[in-house]
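Containing TSV, C-alpha atoms: data.tsv.
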chain	number	residue	atom	x	y	z
A	451	MET	CA	-37.63	-111.87	-89.62
A	452	PRO	CA	-40.97	-110.69	-88.20
A	453	ILE	CA	-41.64	-110.64	-84.47
A	454	THR	CA	-45.20	-111.42	-83.43
A	455	GLU	CA	-46.44	-111.06	-79.88
A	456	SER	CA	-49.84	-110.20	-78.42
A	457	GLY	CA	-51.39	-110.26	-81.89
A	458	ILE	CA	-49.04	-107.53	-83.10
A	459	THR	CA	-46.36	-108.09	-85.74
A	460	LEU	CA	-43.20	-106.03	-86.13
A	461	ASN	CA	-41.49	-106.43	-89.49
A	462	PHE	CA	-38.43	-104.21	-89.36
A	463	PRO	CA	-36.66	-103.28	-92.61
A	464	ASP	CA	-33.35	-104.62	-91.26
A	465	ASN	CA	-31.88	-106.79	-88.51
A	466	ASN	CA	-30.92	-103.95	-86.15
A	467	TYR	CA	-33.07	-105.26	-83.30
A	468	PHE	CA	-32.87	-107.46	-80.25
A	469	ARG	CA	-35.00	-108.62	-77.38
A	470	PHE	CA	-33.87	-108.21	-73.79
A	471	GLU	CA	-35.58	-111.50	-72.92
A	472	ASN	CA	-33.10	-113.30	-75.21
A	473	CYS	CA	-30.10	-111.46	-73.78
A	474	LYS	CA	-28.05	-113.21	-71.11
A	475	GLY	CA	-26.81	-109.82	-69.90
A	476	TYR	CA	-30.40	-108.86	-69.12
A	477	ARG	CA	-31.44	-112.25	-67.73
A	478	ASP	CA	-28.54	-112.15	-65.25
A	479	ILE	CA	-29.88	-108.92	-63.68
A	480	GLN	CA	-33.61	-109.24	-64.23
A	481	ASP	CA	-34.56	-109.99	-60.60
A	482	ASN	CA	-35.97	-106.50	-60.06
A	483	PHE	CA	-35.96	-105.32	-63.66
A	484	LYS	CA	-38.67	-105.31	-66.27
A	485	GLU	CA	-37.98	-104.95	-69.95
A	486	MET	CA	-39.74	-103.73	-73.03
A	487	ASP	CA	-40.24	-106.43	-75.64
A	488	VAL	CA	-38.10	-105.21	-78.54
A	489	CYS	CA	-35.34	-102.68	-79.18
A	490	TRP	CA	-34.95	-101.62	-82.81
A	491	TYR	CA	-32.37	-99.15	-84.03
A	492	ASP	CA	-33.32	-97.06	-87.07
A	493	GLN	CA	-29.78	-96.29	-88.21
A	494	ARG	CA	-30.86	-93.92	-90.98
A	495	ASN	CA	-32.56	-91.61	-88.46
A	496	ASP	CA	-30.31	-92.45	-85.47
A	497	THR	CA	-33.39	-93.43	-83.46
A	498	LEU	CA	-33.73	-96.26	-80.98
A	499	TYR	CA	-37.27	-97.61	-80.60
A	500	LEU	CA	-38.09	-99.35	-77.34
A	501	ILE	CA	-41.32	-101.23	-77.98
A	502	GLU	CA	-43.75	-102.93	-75.61
A	503	LEU	CA	-46.46	-105.18	-77.07
A	504	LYS	CA	-49.61	-105.94	-75.07
A	505	ASN	CA	-52.90	-107.69	-75.78
A	506	TRP	CA	-55.53	-106.15	-73.54
A	507	GLY	CA	-58.53	-107.34	-75.52
A	508	ASN	CA	-61.41	-105.02	-74.72
A	509	ASN	CA	-62.78	-103.25	-71.69
A	510	ARG	CA	-64.96	-106.15	-70.47
A	511	LEU	CA	-64.21	-108.42	-67.53
A	512	SER	CA	-65.61	-111.94	-67.28
A	513	GLU	CA	-66.86	-110.97	-63.81
A	514	GLU	CA	-69.27	-108.51	-65.42
A	515	THR	CA	-71.61	-111.39	-66.31
A	516	ASP	CA	-71.43	-112.88	-62.80
A	517	PRO	CA	-74.22	-111.54	-60.56
A	518	ALA	CA	-72.01	-112.18	-57.52
A	519	PHE	CA	-70.05	-109.05	-58.47
A	520	SER	CA	-71.72	-105.70	-57.90
A	521	PRO	CA	-71.33	-102.85	-60.38
A	522	GLN	CA	-69.18	-101.05	-57.78
A	523	ALA	CA	-66.93	-104.12	-57.42
A	524	ILE	CA	-66.47	-104.21	-61.21
A	525	ILE	CA	-65.54	-100.52	-61.25
A	526	GLU	CA	-62.99	-101.09	-58.48
A	527	MET	CA	-61.51	-104.10	-60.31
A	528	LYS	CA	-61.13	-102.08	-63.49
A	529	GLU	CA	-59.47	-99.23	-61.59
A	530	ARG	CA	-56.96	-101.66	-60.00
A	531	ILE	CA	-56.21	-103.22	-63.39
A	532	SER	CA	-55.68	-99.80	-64.97
A	533	LYS	CA	-53.34	-98.64	-62.18
A	534	LYS	CA	-51.30	-101.85	-62.44
A	535	ARG	CA	-51.05	-101.51	-66.22
A	536	ILE	CA	-49.76	-97.94	-65.92
A	537	ILE	CA	-47.24	-98.85	-63.22
A	538	ASP	CA	-45.99	-101.78	-65.33
A	539	LEU	CA	-45.61	-99.66	-68.46
A	540	VAL	CA	-43.68	-96.98	-66.57
A	541	LYS	CA	-41.43	-99.57	-64.87
A	542	LYS	CA	-40.68	-101.30	-68.16
A	543	SER	CA	-39.90	-97.94	-69.77
A	544	VAL	CA	-37.62	-96.72	-66.98
A	545	ASP	CA	-35.71	-100.00	-66.72
A	546	SER	CA	-35.27	-100.32	-70.50
A	547	VAL	CA	-34.07	-96.72	-70.81
A	548	CYS	CA	-31.61	-97.28	-67.96
A	549	MET	CA	-30.16	-100.38	-69.60
A	550	ASN	CA	-29.69	-98.47	-72.84
A	551	MET	CA	-28.18	-95.49	-71.02
A	552	SER	CA	-25.63	-97.84	-69.47
A	553	LEU	CA	-24.57	-98.66	-73.06
A	554	ILE	CA	-24.14	-94.99	-73.92
A	555	LEU	CA	-22.17	-94.36	-70.73
A	556	LEU	CA	-19.98	-97.41	-71.42
A	557	LYS	CA	-20.46	-98.77	-67.91
A	558	PRO	CA	-18.64	-102.06	-67.27
A	559	TYR	CA	-21.74	-104.26	-67.02
A	560	ALA	CA	-23.16	-102.73	-70.20
A	561	ALA	CA	-20.80	-104.91	-72.22
A	562	ASN	CA	-23.01	-107.87	-71.26
A	563	ILE	CA	-26.01	-106.17	-72.83
A	564	GLN	CA	-24.07	-104.71	-75.77
A	565	ALA	CA	-23.13	-108.29	-76.69
A	566	CYS	CA	-26.80	-108.80	-77.62
A	567	CYS	CA	-27.13	-105.59	-79.66
A	568	PRO	CA	-26.42	-105.69	-83.39
A	569	PHE	CA	-25.92	-101.91	-83.24
A	570	THR	CA	-24.25	-99.19	-81.22
A	571	ILE	CA	-26.05	-96.11	-79.96
A	572	THR	CA	-24.55	-92.79	-78.89
A	573	ASN	CA	-25.50	-89.77	-76.85
A	574	ALA	CA	-26.97	-88.26	-80.04
A	575	THR	CA	-29.33	-91.20	-80.59
A	576	GLN	CA	-32.97	-90.28	-80.09
A	577	ILE	CA	-35.04	-92.70	-78.03
A	578	VAL	CA	-38.70	-93.39	-78.80
A	579	LEU	CA	-40.87	-95.48	-76.46
A	580	LEU	CA	-43.91	-97.17	-77.97
A	581	SER	CA	-46.33	-99.23	-75.93
A	582	ILE	CA	-48.57	-100.80	-78.55
A	583	ILE	CA	-51.83	-102.29	-77.32
A	584	ASN	CA	-53.89	-104.83	-79.21
A	585	TRP	CA	-57.26	-103.32	-78.26
A	586	THR	CA	-60.37	-104.89	-79.77
A	587	SER	CA	-62.91	-102.37	-78.49
A	588	SER	CA	-64.03	-99.64	-80.86
A	589	ASP	CA	-63.95	-97.25	-77.89
A	590	VAL	CA	-60.34	-96.12	-77.60
A	591	THR	CA	-60.95	-93.63	-74.78
A	592	TYR	CA	-59.57	-96.19	-72.31
A	593	ILE	CA	-56.24	-96.36	-74.16
A	594	SER	CA	-56.23	-92.56	-74.39
A	595	SER	CA	-56.65	-92.27	-70.62
A	596	ILE	CA	-53.92	-94.88	-70.01
A	597	ASN	CA	-51.67	-92.87	-72.34
A	598	SER	CA	-52.36	-89.66	-70.41
A	599	GLU	CA	-51.59	-91.29	-67.06
A	600	TYR	CA	-48.47	-92.99	-68.45
A	601	LYS	CA	-47.21	-89.70	-69.87
A	602	ALA	CA	-47.83	-87.90	-66.57
A	603	LYS	CA	-45.87	-90.53	-64.63
A	604	PHE	CA	-43.02	-90.84	-67.17
A	605	LYS	CA	-42.69	-87.09	-67.88
A	606	SER	CA	-39.79	-86.46	-65.46
A	607	TYR	CA	-37.81	-89.40	-66.85
A	608	ALA	CA	-38.45	-88.18	-70.38
A	609	LYS	CA	-37.14	-84.77	-69.46
A	610	LEU	CA	-34.10	-86.23	-67.68
A	611	PHE	CA	-33.15	-88.41	-70.67
A	612	ASP	CA	-34.39	-86.00	-73.39
A	613	ILE	CA	-36.99	-88.44	-74.69
A	614	LYS	CA	-39.47	-86.57	-76.82
A	615	ILE	CA	-41.75	-89.42	-77.92
A	616	TYR	CA	-43.21	-91.82	-75.36
A	617	THR	CA	-46.70	-93.04	-75.93
A	618	VAL	CA	-49.30	-95.74	-75.44
A	619	LEU	CA	-51.32	-96.38	-78.58
A	620	THR	CA	-53.56	-98.99	-80.12
A	621	ARG	CA	-52.26	-101.43	-82.68
A	622	ASP	CA	-54.47	-99.75	-85.30
A	623	ALA	CA	-53.03	-96.30	-84.53
A	624	ALA	CA	-49.49	-97.71	-84.58
A	625	MET	CA	-50.13	-99.33	-87.97
A	626	ARG	CA	-51.18	-95.96	-89.38
A	627	GLN	CA	-47.97	-94.31	-88.13
A	628	TYR	CA	-45.36	-97.02	-88.82
A	629	ASP	CA	-45.24	-99.18	-91.92
A	630	TRP	CA	-43.33	-101.92	-90.07
A	631	ILE	CA	-46.22	-102.67	-87.71
A	632	SER	CA	-49.13	-104.95	-88.57

Please rewrite the model in this file as structure tokens.
Amino acid sequence: MPITESGITLNFPDNNYFRFENCKGYRDIQDNFKEMDVCWYDQRNDTLYLIELKNWGNNRLSEETDPAFSPQAIIEMKERISKKRIIDLVKKSVDSVCMNMSLILLKPYAANIQACCPFTITNATQIVLLSIINWTSSDVTYISSINSEYKAKFKSYAKLFDIKIYTVLTRDAAMRQYDWIS
């Protein structure tokens, strides 16, 4: 069954996926947690994909057409938006990795999350984090800079948890890399 959010569709080849938002175990602890949208386990390759789906449109703000906003004010707005986006992506990644690590470590509360998972992961399971952005601008340098900042901020966590692939990419780039994304 396909999952569509933010103009992005995930059509996995099997049913080895779940959404934290639909998991009571997550909802019961979500006060200070953020979650990535979908977890899919590629059993053949022993890889767990943690996937965030975002629709950021393009790099234009409605305020740009309002003469009450100076060019400097627009630049500052865009910088604040970018910083918040990066912080949110890192927080979602860290929290989602931690919830999955609790499964691997067989911590008592993890049973509440495992109840939502149609799969079991192990210490050998590779984790891949994909933040897929529906970006309508032909200029993808913004997404590239967000990816660079995200990677810089998540790098220590990736090293700690041996995560080799963690990236922010456009929907178009994701579609070229993964046949289950459209």

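Minimum atom-to-atom distance to Ala560 in chain A, evaluated using all atoms listed in the file, belongs to A:Cys473 out of A:Ile531, A:Cys473, A:Met451, A:Met486.
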
Taking 4 positions as the minimum chain separation for residues in the same chain, which residues sit within 7 Å of Val488 in chain A when counting all atoms listed in the file? Answer as JSON, numbers by chain. {"A": [467, 468, 469, 500, 501, 502]}

Quick one: residues within 9 Å of range 603-618 of chain A, all atoms listed in the file counted, chain neighbours fewer than 2 positions away excluded, as a PyMOL selection string? chain A and resi 536-537+539-540+543-544+547+551+576-583+593-594+596-601+620

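Proximity to Ile631 in chain A was assessed for A:Glu471, A:Asn508, A:Leu503, A:Tyr491 counting all atoms listed in the file; the smallest distance is recorded for A:Leu503.
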
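Separating CA of Lys533 in chain A from CA of Pro517 in chain A is a distance of 24.6 Å.
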
Counting only C-alpha atoms, I want the residues whose atoms come within 12 Å of (-38.5, -106.5, -59.3) in the file frame, returned as a list of chain:residue names. A:Ile479, A:Gln480, A:Asp481, A:Asn482, A:Phe483, A:Lys484, A:Glu485, A:Asp538, A:Lys541, A:Lys542, A:Asp545

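Rounded to one decimal, CA of Trp630 in chain A and CA of Pro452 in chain A lie 9.3 Å from each other.
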
List the spatial neighbours of range 625-629 of chain A as a PyMOL selection string - criterion: any atom at most 12 Å away, all atoms listed in the file, same-chain residues fewer than 4 positions off excluded. chain A and resi 458-463+499+580+582-584+619-621

How would the residues just chosen look if you wrote them out with C-alpha atoms as a CSV table (one decimal), keeping the file's coordinate frame?
chain,number,residue,atom,x,y,z
A,458,ILE,CA,-49.0,-107.5,-83.1
A,459,THR,CA,-46.4,-108.1,-85.7
A,460,LEU,CA,-43.2,-106.0,-86.1
A,461,ASN,CA,-41.5,-106.4,-89.5
A,462,PHE,CA,-38.4,-104.2,-89.4
A,463,PRO,CA,-36.7,-103.3,-92.6
A,499,TYR,CA,-37.3,-97.6,-80.6
A,580,LEU,CA,-43.9,-97.2,-78.0
A,582,ILE,CA,-48.6,-100.8,-78.6
A,583,ILE,CA,-51.8,-102.3,-77.3
A,584,ASN,CA,-53.9,-104.8,-79.2
A,619,LEU,CA,-51.3,-96.4,-78.6
A,620,THR,CA,-53.6,-99.0,-80.1
A,621,ARG,CA,-52.3,-101.4,-82.7

Excluding same-chain residues fewer than 6 positions from Gln564 in chain A, what lies within 10 Å of it counting all atoms listed in the file, as JSON, numbers by chain? {"A": [473, 475, 549, 550, 552, 553, 554, 556, 570, 571]}

Let me know the centre plus edge lengths, in Å and rounded to one decimal, of a box with edges along x, y and z that contains all listed atoms of range 519-538 of chain A and is padded by 3 Å on every side, as JSON.
{"center_x": -58.9, "center_y": -103.5, "center_z": -61.8, "size_x": 31.7, "size_y": 17.1, "size_z": 14.8}

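For the pair CA of Arg510 in chain A and CA of Asp622 in chain A, the separation is 19.3 Å.
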
Starting from the sparse input, extend range 503-516 of chain A to N, CA, C and O atoms and give the output as a PDB file, in the frame of the given file.
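Result file part_5.pdb:
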ATOM      1  N   LEU A 503     -45.298-104.637 -76.376  1.00  0.00           N
ATOM      2  CA  LEU A 503     -46.460-105.180 -77.070  1.00  0.00           C
ATOM      3  C   LEU A 503     -47.381-105.841 -76.058  1.00  0.00           C
ATOM      4  O   LEU A 503     -46.960-106.723 -75.310  1.00  0.00           O
ATOM      5  N   LYS A 504     -48.643-105.415 -76.034  1.00  0.00           N
ATOM      6  CA  LYS A 504     -49.610-105.940 -75.070  1.00  0.00           C
ATOM      7  C   LYS A 504     -50.920-106.277 -75.765  1.00  0.00           C
ATOM      8  O   LYS A 504     -51.346-105.567 -76.667  1.00  0.00           O
ATOM      9  N   ASN A 505     -51.558-107.333 -75.309  1.00  0.00           N
ATOM     10  CA  ASN A 505     -52.900-107.690 -75.780  1.00  0.00           C
ATOM     11  C   ASN A 505     -53.842-107.515 -74.608  1.00  0.00           C
ATOM     12  O   ASN A 505     -53.882-108.346 -73.711  1.00  0.00           O
ATOM     13  N   TRP A 506     -54.595-106.425 -74.616  1.00  0.00           N
ATOM     14  CA  TRP A 506     -55.530-106.150 -73.540  1.00  0.00           C
ATOM     15  C   TRP A 506     -56.979-106.447 -73.928  1.00  0.00           C
ATOM     16  O   TRP A 506     -57.892-106.191 -73.161  1.00  0.00           O
ATOM     17  N   GLY A 507     -57.185-106.967 -75.114  1.00  0.00           N
ATOM     18  CA  GLY A 507     -58.530-107.340 -75.520  1.00  0.00           C
ATOM     19  C   GLY A 507     -59.464-106.148 -75.608  1.00  0.00           C
ATOM     20  O   GLY A 507     -59.259-105.244 -76.414  1.00  0.00           O
ATOM     21  N   ASN A 508     -60.481-106.135 -74.746  1.00  0.00           N
ATOM     22  CA  ASN A 508     -61.410-105.020 -74.720  1.00  0.00           C
ATOM     23  C   ASN A 508     -61.616-104.587 -73.270  1.00  0.00           C
ATOM     24  O   ASN A 508     -60.878-105.005 -72.399  1.00  0.00           O
ATOM     25  N   ASN A 509     -62.586-103.806 -73.021  1.00  0.00           N
ATOM     26  CA  ASN A 509     -62.780-103.250 -71.690  1.00  0.00           C
ATOM     27  C   ASN A 509     -63.809-104.037 -70.877  1.00  0.00           C
ATOM     28  O   ASN A 509     -64.439-103.493 -69.984  1.00  0.00           O
ATOM     29  N   ARG A 510     -63.985-105.314 -71.184  1.00  0.00           N
ATOM     30  CA  ARG A 510     -64.960-106.150 -70.470  1.00  0.00           C
ATOM     31  C   ARG A 510     -64.224-107.182 -69.623  1.00  0.00           C
ATOM     32  O   ARG A 510     -63.249-107.774 -70.062  1.00  0.00           O
ATOM     33  N   LEU A 511     -64.723-107.392 -68.426  1.00  0.00           N
ATOM     34  CA  LEU A 511     -64.210-108.420 -67.530  1.00  0.00           C
ATOM     35  C   LEU A 511     -65.195-109.587 -67.500  1.00  0.00           C
ATOM     36  O   LEU A 511     -66.411-109.376 -67.568  1.00  0.00           O
ATOM     37  N   SER A 512     -64.707-110.791 -67.370  1.00  0.00           N
ATOM     38  CA  SER A 512     -65.610-111.940 -67.280  1.00  0.00           C
ATOM     39  C   SER A 512     -66.521-111.825 -66.062  1.00  0.00           C
ATOM     40  O   SER A 512     -67.654-112.305 -66.082  1.00  0.00           O
ATOM     41  N   GLU A 513     -66.059-111.153 -65.020  1.00  0.00           N
ATOM     42  CA  GLU A 513     -66.860-110.970 -63.810  1.00  0.00           C
ATOM     43  C   GLU A 513     -68.119-110.118 -64.056  1.00  0.00           C
ATOM     44  O   GLU A 513     -69.063-110.159 -63.261  1.00  0.00           O
ATOM     45  N   GLU A 514     -68.120-109.364 -65.140  1.00  0.00           N
ATOM     46  CA  GLU A 514     -69.270-108.510 -65.420  1.00  0.00           C
ATOM     47  C   GLU A 514     -70.551-109.308 -65.679  1.00  0.00           C
ATOM     48  O   GLU A 514     -71.651-108.789 -65.512  1.00  0.00           O
ATOM     49  N   THR A 515     -70.422-110.550 -66.074  1.00  0.00           N
ATOM     50  CA  THR A 515     -71.610-111.390 -66.310  1.00  0.00           C
ATOM     51  C   THR A 515     -71.966-112.234 -65.095  1.00  0.00           C
ATOM     52  O   THR A 515     -72.941-112.979 -65.128  1.00  0.00           O
ATOM     53  N   ASP A 516     -71.195-112.114 -64.037  1.00  0.00           N
ATOM     54  CA  ASP A 516     -71.430-112.880 -62.800  1.00  0.00           C
ATOM     55  C   ASP A 516     -72.198-112.000 -61.816  1.00  0.00           C
ATOM     56  O   ASP A 516     -71.678-110.991 -61.344  1.00  0.00           O
TER      57      ASP A 516
END
